[in-house]
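Structure data follow from data_38.tsv (TSV, C-alpha atoms (C1' of nucleotides)):
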chain	number	residue	atom	x	y	z
A	540	MET	CA	-18.29	5.21	-15.44
A	541	LEU	CA	-20.76	8.06	-15.30
A	542	SER	CA	-21.42	11.04	-17.49
A	543	MET	CA	-21.13	14.33	-15.68
A	544	ASP	CA	-24.92	14.59	-15.45
A	545	GLN	CA	-25.13	11.11	-14.00
A	546	PHE	CA	-22.36	11.92	-11.55
A	547	ILE	CA	-24.28	14.93	-10.31
A	548	GLN	CA	-27.43	12.89	-9.99
A	549	VAL	CA	-25.70	10.08	-8.11
A	550	CYS	CA	-24.17	12.59	-5.69
A	551	ARG	CA	-27.61	14.06	-5.03
A	552	GLU	CA	-29.08	10.61	-4.43
A	553	LYS	CA	-26.35	9.82	-1.94
A	554	GLY	CA	-26.74	13.13	-0.14
A	555	LEU	CA	-23.36	14.43	-1.24
A	556	ASN	CA	-23.12	18.09	-2.09
A	557	VAL	CA	-22.12	18.73	-5.67
A	558	THR	CA	-19.05	20.94	-5.60
A	559	TYR	CA	-16.82	22.13	-8.36
A	560	GLN	CA	-13.88	20.35	-6.73
A	561	ARG	CA	-15.71	17.03	-6.73
A	562	MET	CA	-16.67	17.44	-10.33
A	563	ILE	CA	-13.21	18.14	-11.65
A	564	ILE	CA	-11.69	15.38	-9.57
A	565	TYR	CA	-14.21	12.91	-10.93
A	566	LYS	CA	-13.82	14.25	-14.44
A	567	TYR	CA	-10.08	13.76	-14.36
A	568	LEU	CA	-10.29	10.32	-12.76
A	569	MET	CA	-12.80	9.29	-15.42
A	570	GLN	CA	-10.52	10.34	-18.25
A	571	SER	CA	-7.43	8.75	-16.79
A	572	LYS	CA	-6.67	5.14	-17.66
A	573	GLU	CA	-3.86	4.64	-15.25
A	574	HIS	CA	-5.38	4.62	-11.79
A	575	PRO	CA	-3.76	7.78	-10.58
A	576	THR	CA	-2.67	8.46	-7.02
A	577	ALA	CA	-4.06	11.36	-5.02
A	578	GLU	CA	-0.90	13.28	-5.77
A	579	ASP	CA	-1.28	12.67	-9.54
A	580	ILE	CA	-4.83	13.94	-9.42
A	581	TYR	CA	-3.88	16.93	-7.33
A	582	ARG	CA	-1.21	18.01	-9.82
A	583	ARG	CA	-3.52	17.75	-12.81
A	584	VAL	CA	-6.58	19.28	-11.21
A	585	LYS	CA	-4.54	22.16	-9.84
A	586	GLU	CA	-3.88	23.29	-13.42
A	587	GLU	CA	-7.56	23.88	-13.91
A	588	TYR	CA	-8.33	25.06	-10.40
A	589	PRO	CA	-5.16	26.29	-8.67
A	590	SER	CA	-6.66	26.94	-5.25
A	591	ILE	CA	-7.58	23.32	-4.62
A	592	SER	CA	-5.76	21.64	-1.74
A	593	LEU	CA	-4.29	18.20	-1.53
A	594	ALA	CA	-6.39	17.50	1.55
A	595	THR	CA	-9.53	18.10	-0.46
A	596	VAL	CA	-8.37	15.64	-3.07
A	597	TYR	CA	-7.79	13.00	-0.41
A	598	LYS	CA	-11.11	13.68	1.29
A	599	THR	CA	-13.03	13.68	-1.98
A	600	LEU	CA	-11.50	10.41	-3.14
A	601	GLU	CA	-12.24	8.71	0.15
A	602	THR	CA	-15.79	10.03	0.19
A	603	LEU	CA	-16.51	8.91	-3.36
A	604	ALA	CA	-14.96	5.50	-2.66
A	605	GLU	CA	-17.06	5.07	0.49
A	606	HIS	CA	-20.16	5.77	-1.52
A	607	GLN	CA	-18.97	3.42	-4.23
A	608	VAL	CA	-18.94	6.04	-6.91
A	609	ILE	CA	-15.29	5.19	-7.53
A	610	THR	CA	-13.02	2.34	-6.44
A	611	LYS	CA	-9.85	2.34	-4.44
A	612	VAL	CA	-7.69	-0.12	-6.34
A	613	THR	CA	-5.31	-0.60	-3.45
A	614	ALA	CA	-7.99	-0.70	-0.78
A	615	LEU	CA	-6.49	-3.45	1.34
A	616	HIS	CA	-2.88	-2.57	1.16
A	617	ASP	CA	-2.15	0.15	3.59
A	618	LEU	CA	0.79	-1.72	5.10
A	619	ALA	CA	3.61	-3.72	3.54
A	620	ARG	CA	3.17	-7.44	4.16
A	621	TYR	CA	5.66	-10.23	3.68
A	622	ASP	CA	5.50	-13.94	2.97
A	623	ALA	CA	8.17	-16.61	3.34
A	624	ASP	CA	6.35	-18.79	0.82
A	625	THR	CA	7.48	-17.92	-2.69
A	626	SER	CA	5.60	-20.74	-4.41
A	627	PRO	CA	2.57	-19.88	-6.58
A	628	HIS	CA	-0.51	-19.33	-4.50
A	629	HIS	CA	-3.23	-16.77	-4.00
A	630	HIS	CA	-4.65	-14.72	-1.17
A	631	LEU	CA	-7.76	-14.40	0.91
A	632	VAL	CA	-7.98	-10.88	2.24
A	633	CYS	CA	-10.39	-10.14	5.06
A	634	ILE	CA	-11.90	-6.73	4.47
A	635	HIS	CA	-12.69	-6.52	8.14
A	636	CYS	CA	-9.55	-7.36	10.09
A	637	ARG	CA	-7.30	-7.03	7.01
A	638	ARG	CA	-5.51	-10.29	7.64
A	639	VAL	CA	-4.21	-12.11	4.61
A	640	GLN	CA	-4.35	-15.89	4.30
A	641	ASP	CA	-3.08	-18.19	1.57
A	642	ILE	CA	-5.13	-20.28	-0.75
A	643	TYR	CA	-3.56	-23.13	-2.69
A	644	ASN	CA	-5.52	-24.41	-5.65
A	645	GLU	CA	-4.12	-25.90	-8.81
A	646	GLU	CA	-7.06	-24.72	-10.89
A	647	LEU	CA	-6.27	-21.15	-10.04
A	648	ASN	CA	-2.76	-21.53	-11.36
A	649	LYS	CA	-4.01	-22.19	-14.89
A	650	LEU	CA	-6.39	-19.41	-15.77
A	651	PRO	CA	-8.76	-19.81	-18.76
A	652	ILE	CA	-7.00	-17.13	-20.75
A	653	ASP	CA	-4.06	-16.92	-23.07
A	654	LEU	CA	-1.55	-14.78	-21.21
A	655	GLU	CA	0.56	-14.38	-24.33
A	656	ALA	CA	-2.39	-12.77	-26.05
A	657	ILE	CA	-2.68	-9.75	-23.80
A	658	PRO	CA	-1.78	-6.85	-26.04
A	659	ASP	CA	1.22	-4.74	-25.20
A	660	PHE	CA	1.93	-6.37	-21.90
A	661	LYS	CA	4.32	-9.16	-21.04
A	662	VAL	CA	2.81	-11.02	-18.09
A	663	GLN	CA	5.32	-12.55	-15.72
A	664	ARG	CA	2.97	-13.79	-13.04
A	665	TYR	CA	-0.44	-13.17	-11.62
A	666	ARG	CA	-2.00	-13.09	-8.24
A	667	ILE	CA	-5.63	-13.47	-7.34
A	668	GLU	CA	-6.97	-11.65	-4.33
A	669	PHE	CA	-10.20	-12.86	-2.90
A	670	GLU	CA	-11.82	-10.25	-0.77
A	671	GLY	CA	-14.29	-11.27	1.86
A	672	ILE	CA	-14.82	-12.02	5.52
A	673	CYS	CA	-12.72	-14.52	7.44
A	674	SER	CA	-14.30	-17.04	9.80
A	675	GLN	CA	-13.24	-15.17	12.91
A	676	CYS	CA	-14.79	-11.92	11.72
A	677	GLN	CA	-17.92	-13.75	10.60
A	678	ALA	CA	-18.33	-15.05	14.13
A	679	ASN	CA	-17.69	-11.64	15.67
A	680	LEU	CA	-20.15	-9.95	13.38
A	681	GLN	CA	-22.85	-12.48	14.25
A	682	LYS	CA	-22.19	-11.94	17.91
A	683	LYS	CA	-22.60	-8.21	17.47
A	684	GLN	CA	-25.84	-8.62	15.54
A	685	ARG	CA	-27.34	-10.73	18.28
A	686	ALA	CA	-26.39	-8.17	20.92
B	997	MET	CA	9.72	-22.30	2.25
B	998	LEU	CA	13.17	-23.23	3.42
B	999	SER	CA	14.49	-25.15	6.37
B	1000	MET	CA	16.88	-23.18	8.52
B	1001	ASP	CA	19.83	-25.02	6.96
B	1002	GLN	CA	18.57	-24.22	3.49
B	1003	PHE	CA	18.05	-20.61	4.46
B	1004	ILE	CA	21.65	-20.33	5.61
B	1005	GLN	CA	22.86	-21.96	2.43
B	1006	VAL	CA	20.77	-19.69	0.21
B	1007	CYS	CA	22.06	-16.61	2.03
B	1008	ARG	CA	25.62	-17.76	1.46
B	1009	GLU	CA	24.96	-18.38	-2.23
B	1010	LYS	CA	23.56	-14.90	-2.59
B	1011	GLY	CA	26.42	-13.30	-0.72
B	1012	LEU	CA	24.30	-12.30	2.25
B	1013	ASN	CA	25.88	-12.53	5.65
B	1014	VAL	CA	24.10	-14.94	7.94
B	1015	THR	CA	23.19	-13.04	11.08
B	1016	TYR	CA	21.16	-14.04	14.07
B	1017	GLN	CA	18.68	-11.24	13.30
B	1018	ARG	CA	18.11	-12.52	9.76
B	1019	MET	CA	17.60	-16.03	11.02
B	1020	ILE	CA	14.99	-15.20	13.63
B	1021	ILE	CA	13.15	-12.89	11.25
B	1022	TYR	CA	13.01	-15.60	8.63
B	1023	LYS	CA	12.09	-18.22	11.22
B	1024	TYR	CA	9.14	-16.19	12.43
B	1025	LEU	CA	7.98	-15.27	8.94
B	1026	MET	CA	8.13	-18.94	7.97
B	1027	GLN	CA	5.96	-19.98	10.91
B	1028	SER	CA	3.41	-17.25	10.42
B	1029	LYS	CA	0.45	-17.88	8.16
B	1030	GLU	CA	-0.90	-14.37	8.07
B	1031	HIS	CA	1.58	-12.34	6.08
B	1032	PRO	CA	2.74	-10.16	8.92
B	1033	THR	CA	3.76	-6.54	8.63
B	1034	ALA	CA	7.22	-5.36	9.64
B	1035	GLU	CA	5.72	-4.10	12.89
B	1036	ASP	CA	4.13	-7.51	13.62
B	1037	ILE	CA	7.45	-9.22	13.04
B	1038	TYR	CA	9.29	-6.69	15.16
B	1039	ARG	CA	6.99	-7.24	18.12
B	1040	ARG	CA	7.30	-11.00	18.00
B	1041	VAL	CA	11.02	-11.18	17.30
B	1042	LYS	CA	11.74	-8.68	20.07
B	1043	GLU	CA	10.48	-11.22	22.59
B	1044	GLU	CA	13.27	-13.57	21.62
B	1045	TYR	CA	15.88	-10.92	20.95
B	1046	PRO	CA	15.00	-7.67	22.73
B	1047	SER	CA	17.82	-5.56	21.34
B	1048	ILE	CA	16.67	-5.84	17.73
B	1049	SER	CA	15.57	-2.62	16.09
B	1050	LEU	CA	12.63	-1.93	13.83
B	1051	ALA	CA	14.97	-0.54	11.19
B	1052	THR	CA	16.78	-3.86	11.06
B	1053	VAL	CA	13.49	-5.65	10.52
B	1054	TYR	CA	12.65	-3.37	7.62
B	1055	LYS	CA	16.11	-3.64	6.10
B	1056	THR	CA	16.18	-7.40	6.46
B	1057	LEU	CA	12.76	-7.87	4.90
B	1058	GLU	CA	13.63	-5.66	1.95
B	1059	THR	CA	16.95	-7.41	1.46
B	1060	LEU	CA	15.41	-10.88	1.54
B	1061	ALA	CA	12.64	-9.78	-0.81
B	1062	GLU	CA	15.14	-8.29	-3.28
B	1063	HIS	CA	16.99	-11.59	-3.32
B	1064	GLN	CA	13.69	-13.43	-3.71
B	1065	VAL	CA	14.11	-15.42	-0.54
B	1066	ILE	CA	10.75	-14.07	0.60
B	1067	THR	CA	7.92	-12.21	-1.13
B	1068	LYS	CA	6.45	-8.82	-0.49
B	1069	VAL	CA	2.75	-9.48	-0.84
B	1070	THR	CA	1.93	-5.82	-1.30
B	1071	ALA	CA	4.89	-5.07	-3.52
B	1072	LEU	CA	3.09	-2.80	-5.93
B	1073	HIS	CA	0.89	-1.00	-3.51
B	1074	ASP	CA	2.94	1.64	-1.91
B	1075	LEU	CA	0.48	4.39	-2.85
B	1076	ALA	CA	-3.29	4.51	-2.81
B	1077	ARG	CA	-4.70	4.41	-6.35
B	1078	TYR	CA	-8.21	5.16	-7.50
B	1079	ASP	CA	-10.42	4.13	-10.40
B	1080	ALA	CA	-13.62	5.70	-11.71
B	1081	ASP	CA	-14.62	2.40	-13.26
B	1082	THR	CA	-16.50	0.28	-10.73
B	1083	SER	CA	-17.46	-2.51	-13.14
B	1084	PRO	CA	-15.80	-5.93	-12.76
B	1085	HIS	CA	-12.38	-5.95	-14.35
B	1086	HIS	CA	-8.81	-6.82	-13.52
B	1087	HIS	CA	-5.45	-5.14	-13.54
B	1088	LEU	CA	-2.17	-5.16	-15.38
B	1089	VAL	CA	0.51	-3.84	-13.09
B	1090	CYS	CA	3.83	-2.84	-14.57
B	1091	ILE	CA	6.56	-3.84	-12.15
B	1092	HIS	CA	8.81	-1.28	-13.75
B	1093	CYS	CA	6.96	2.03	-13.89
B	1094	ARG	CA	4.23	0.86	-11.47
B	1095	ARG	CA	1.42	2.04	-13.68
B	1096	VAL	CA	-1.83	0.10	-13.47
B	1097	GLN	CA	-3.98	-0.60	-16.52
B	1098	ASP	CA	-7.31	-2.33	-16.82
B	1099	ILE	CA	-8.03	-5.63	-18.48
B	1100	TYR	CA	-11.56	-6.62	-19.41
B	1101	ASN	CA	-12.16	-10.29	-20.10
B	1102	GLU	CA	-15.34	-12.21	-19.50
B	1103	GLU	CA	-13.49	-15.47	-18.93
B	1104	LEU	CA	-11.67	-13.96	-16.00
B	1105	ASN	CA	-14.94	-13.10	-14.32
B	1106	LYS	CA	-15.90	-16.77	-13.98
B	1107	LEU	CA	-13.03	-18.56	-12.36
B	1108	PRO	CA	-12.81	-22.36	-12.51
B	1109	ILE	CA	-13.36	-22.76	-8.79
B	1110	ASP	CA	-16.30	-23.00	-6.46
B	1111	LEU	CA	-16.09	-19.85	-4.37
B	1112	GLU	CA	-18.64	-21.19	-1.92
B	1113	ALA	CA	-16.35	-24.08	-1.21
B	1114	ILE	CA	-13.48	-22.10	0.24
B	1115	PRO	CA	-13.39	-23.15	3.87
B	1116	ASP	CA	-13.98	-20.54	6.54
B	1117	PHE	CA	-14.05	-17.58	4.22
B	1118	LYS	CA	-16.98	-15.83	2.61
B	1119	VAL	CA	-15.75	-14.44	-0.71
B	1120	GLN	CA	-17.43	-11.25	-1.83
B	1121	ARG	CA	-15.35	-10.48	-4.89
B	1122	TYR	CA	-11.99	-11.15	-6.38
B	1123	ARG	CA	-9.43	-9.26	-8.31
B	1124	ILE	CA	-6.65	-10.58	-10.50
B	1125	GLU	CA	-3.43	-8.70	-10.74
B	1126	PHE	CA	-1.20	-9.50	-13.64
B	1127	GLU	CA	2.33	-8.41	-12.99
B	1128	GLY	CA	4.64	-7.78	-15.89
B	1129	ILE	CA	6.15	-5.18	-18.15
B	1130	CYS	CA	4.07	-2.66	-20.08
B	1131	SER	CA	4.81	-1.89	-23.72
B	1132	GLN	CA	6.42	1.43	-22.95
B	1133	CYS	CA	8.84	-0.08	-20.45
B	1134	GLN	CA	9.56	-2.99	-22.82
B	1135	ALA	CA	10.62	-0.46	-25.43
B	1136	ASN	CA	12.73	1.49	-22.97
B	1137	LEU	CA	14.44	-1.62	-21.69
B	1138	GLN	CA	15.33	-2.72	-25.21
B	1139	LYS	CA	16.73	0.70	-25.93
B	1140	LYS	CA	18.91	0.45	-22.85
B	1141	GLN	CA	20.14	-3.00	-23.78
B	1142	ARG	CA	21.20	-1.84	-27.21
B	1143	ALA	CA	23.05	1.10	-25.73
C	914	DA	C1'	-30.38	28.90	8.30
C	915	DT	C1'	-28.36	24.72	8.44
C	916	DT	C1'	-25.42	21.33	6.96
C	917	DC	C1'	-21.71	19.91	4.36
C	918	DT	C1'	-17.22	20.92	2.21
C	919	DT	C1'	-12.94	23.30	1.61
C	920	DG	C1'	-8.23	24.81	2.57
C	921	DC	C1'	-4.65	25.42	5.62
C	922	DA	C1'	-1.34	23.83	8.80
C	923	DA	C1'	-0.15	20.71	12.03
C	924	DA	C1'	-0.01	15.94	13.39
C	925	DC	C1'	0.46	11.11	12.38
C	926	DG	C1'	2.46	6.72	11.29
C	927	DG	C1'	4.80	3.65	8.35
C	928	DT	C1'	9.16	3.54	6.17
C	929	DT	C1'	13.85	5.08	4.99
C	930	DT	C1'	18.34	7.00	5.85
C	931	DG	C1'	23.00	8.47	7.82
C	932	DC	C1'	26.24	7.17	10.66
C	933	DA	C1'	29.08	5.02	14.35
C	934	DC	C1'	29.63	0.57	16.26
C	935	DA	C1'	29.57	-4.44	15.92
C	936	DT	C1'	29.63	-8.77	13.52
C	937	DA	C1'	30.41	-12.15	9.74
C	938	DC	C1'	33.52	-13.71	6.72
D	1015	DG	C1'	41.32	-6.86	8.08
D	1016	DT	C1'	37.59	-5.79	5.15
D	1017	DA	C1'	33.05	-5.81	3.86
D	1018	DT	C1'	28.58	-6.17	5.49
D	1019	DG	C1'	24.92	-5.59	8.83
D	1020	DT	C1'	22.94	-3.50	13.10
D	1021	DG	C1'	20.84	-0.04	16.10
D	1022	DC	C1'	19.73	4.47	17.07
D	1023	DA	C1'	17.70	8.82	16.05
D	1024	DA	C1'	16.36	11.87	12.80
D	1025	DA	C1'	14.30	12.62	8.43
D	1026	DC	C1'	10.86	11.57	5.01
D	1027	DC	C1'	6.57	11.34	2.78
D	1028	DG	C1'	1.93	9.83	1.99
D	1029	DT	C1'	-2.12	10.46	4.49
D	1030	DT	C1'	-5.29	12.17	8.12
D	1031	DT	C1'	-7.18	15.56	11.24
D	1032	DG	C1'	-8.91	19.90	13.64
D	1033	DC	C1'	-10.71	23.92	12.76
D	1034	DA	C1'	-12.29	28.36	10.87
D	1035	DA	C1'	-14.04	30.20	6.59
D	1036	DG	C1'	-16.89	29.30	2.54
D	1037	DA	C1'	-20.32	27.05	-0.40
D	1038	DA	C1'	-24.37	24.05	-1.31
D	1039	DT	C1'	-28.89	22.95	-0.24
I'd like the structure from this file rewritten - as structure tokens, please.
Amino acid sequence: MLSMDQFIQVCREKGLNVTYQRMIIYKYLMQSKEHPTAEDIYRRVKEEYPSISLATVYKTLETLAEHQVITKVTALHDLARYDADTSPHHHLVCIHCRRVQDIYNEELNKLPIDLEAIPDFKVQRYRIEFEGICSQCQANLQKKQRA
Amino acid sequence: MLSMDQFIQVCREKGLNVTYQRMIIYKYLMQSKEHPTAEDIYRRVKEEYPSISLATVYKTLETLAEHQVITKVTALHDLARYDADTSPHHHLVCIHCRRVQDIYNEELNKLPIDLEAIPDFKVQRYRIEFEGICSQCQANLQKKQRA
DNA sequence: ATTCTTGCAAACGGTTTGCACATAC
DNA sequence: GTATGTGCAAACCGTTTGCAAGAAT
């Protein structure tokens, strides 16, 4: 999380123009603890700067995420996906082709943490998402590099 | 994962009519290892039963997920959400109000598993999502129960 | 002066909905 | 026979895009 000065500096380093819109969007996102949606941000930021458009909010968020100044929490979940297997297991998500595979591992089903001890939150289940590159995409990428 | 006979039985128990559409959708979902989208399922199932409609696929998947016969892998990710904090941390997702909070815990950043050893997949990072009920929703639910 | 960004409105695409017909029970 | 589910088309809504005007460098 960056101070406003750091934010400006990072934008400069990455060749992003520093605009008022970008600053207030970042400022609000920084203050928020609840991972707001674009719509949430738009509503709040509009109070301070009524002429801002929703499209700008979307574009700004995507730009900042691309440059890794912020994170898109739901990066890999643009489409609803279903699974006939309701038993406990976790997922390997290919950031390239976006396919989702299962991973079964007993160790992963007993995390080294006391779930009861999380304050103010009653955990019912958890899910681990491993992000990476699947074998098929690894092969394709190597092919491309050689070409 | 259920055999076809078990699937039929479970539907009956839950008061769901057993239709040919539901059976082929479940059959395909069961066979698939890649957590297909509704569109994926529609395309494949249409080959076997060309008159099926996309709306039926959506309705069936939602119905089966509600009754916990299948799982919606991306259940909590209907909207894109952003985070100004790019440091390693995990998420508490309230299944009720859908808010997402952070959880910082060093133990969770070193999982008891050899990430290099996952076959055919190069893991770059992972993210744990704890699903449960946040304190605010716990309070609200208790209020409702008393009423 | 040039390049990047904004704001608007229109388009897009995944998902949901209303309703008449068909099917399961 | 009644309740439930299906298929179609239209609506919906979050998100993206094209483009002309404006701002940052």
Self-check item: All residues 12 Å or closer to DA933 in chain C, all atoms listed in the file, same chain fewer than 3 positions away omitted, as JSON, numbers by chain
Solution: {"D": [1020, 1021, 1022]}
Quiz prompt | Nearby residues (all atoms listed in the file) at most 7 Å from range 642-646 of chain A, same-chain spacing under 4 positions excluded, as a list in words | solution = His628, His629, His630 and Leu631 of chain A; Pro1108 and Ile1109 of chain B
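Within 9 Å of the point (-6.8, 16.2, 8.3) in file coordinates, and counting all atoms listed in the file, lie the residues Ala594 and Lys598 of chain A; DA923 and DA924 of chain C; DT1029, DT1030, DT1031 and DG1032 of chain D.
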Produce a file of the selected residues containing C-alpha atoms (C1' of nucleotides), as a PDB file, in the frame of the given file.
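Listed below is the output, selection-v6.pdb:
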ATOM      1  CA  ALA A 594      -6.390  17.500   1.550  1.00  0.00           C
ATOM      2  CA  LYS A 598     -11.110  13.680   1.290  1.00  0.00           C
TER       3      LYS A 598
ATOM      4  C1'  DA C 923      -0.150  20.710  12.030  1.00  0.00           C
ATOM      5  C1'  DA C 924      -0.010  15.940  13.390  1.00  0.00           C
TER       6       DA C 924
ATOM      7  C1'  DT D1029      -2.120  10.460   4.490  1.00  0.00           C
ATOM      8  C1'  DT D1030      -5.290  12.170   8.120  1.00  0.00           C
ATOM      9  C1'  DT D1031      -7.180  15.560  11.240  1.00  0.00           C
ATOM     10  C1'  DG D1032      -8.910  19.900  13.640  1.00  0.00           C
TER      11       DG D1032
END
Self-check item: Residues of chain C within 12 Å of chain A, counting all atoms listed in the file, as a PyMOL selection string
Solution: chain C and resi 916-922+926-928
Go ahead and save the residues from that selection, with C-alpha atoms (C1' of nucleotides), as a compact mmCIF listing (two decimals), keeping the file's coordinate frame.
# COMPACT_ATOMS: atom_id res chain seq x y z
C1' DT C 916 -25.42 21.33 6.96
C1' DC C 917 -21.71 19.91 4.36
C1' DT C 918 -17.22 20.92 2.21
C1' DT C 919 -12.94 23.30 1.61
C1' DG C 920 -8.23 24.81 2.57
C1' DC C 921 -4.65 25.42 5.62
C1' DA C 922 -1.34 23.83 8.80
C1' DG C 926 2.46 6.72 11.29
C1' DG C 927 4.80 3.65 8.35
C1' DT C 928 9.16 3.54 6.17
Quiz item: Between A:Thr576, A:Asn679, A:Ser542, A:Gln570, which one has atoms that come closest to chain D, using only C-alpha atoms (C1' of nucleotides)?
Solution: A:Thr576
Practice problem: Can you check which residues of chain B have any atom within 7 Å of chain A? Use all atoms listed in the file and format it as a PyMOL selection string. | Solution: chain B and resi 997+1025-1026+1029-1033+1066-1070+1073+1075-1082+1095-1097+1103+1108-1109+1116-1131
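The coordinates place CA of Arg1039 in chain B at 24.6 Å from CA of Asp1001 in chain B.
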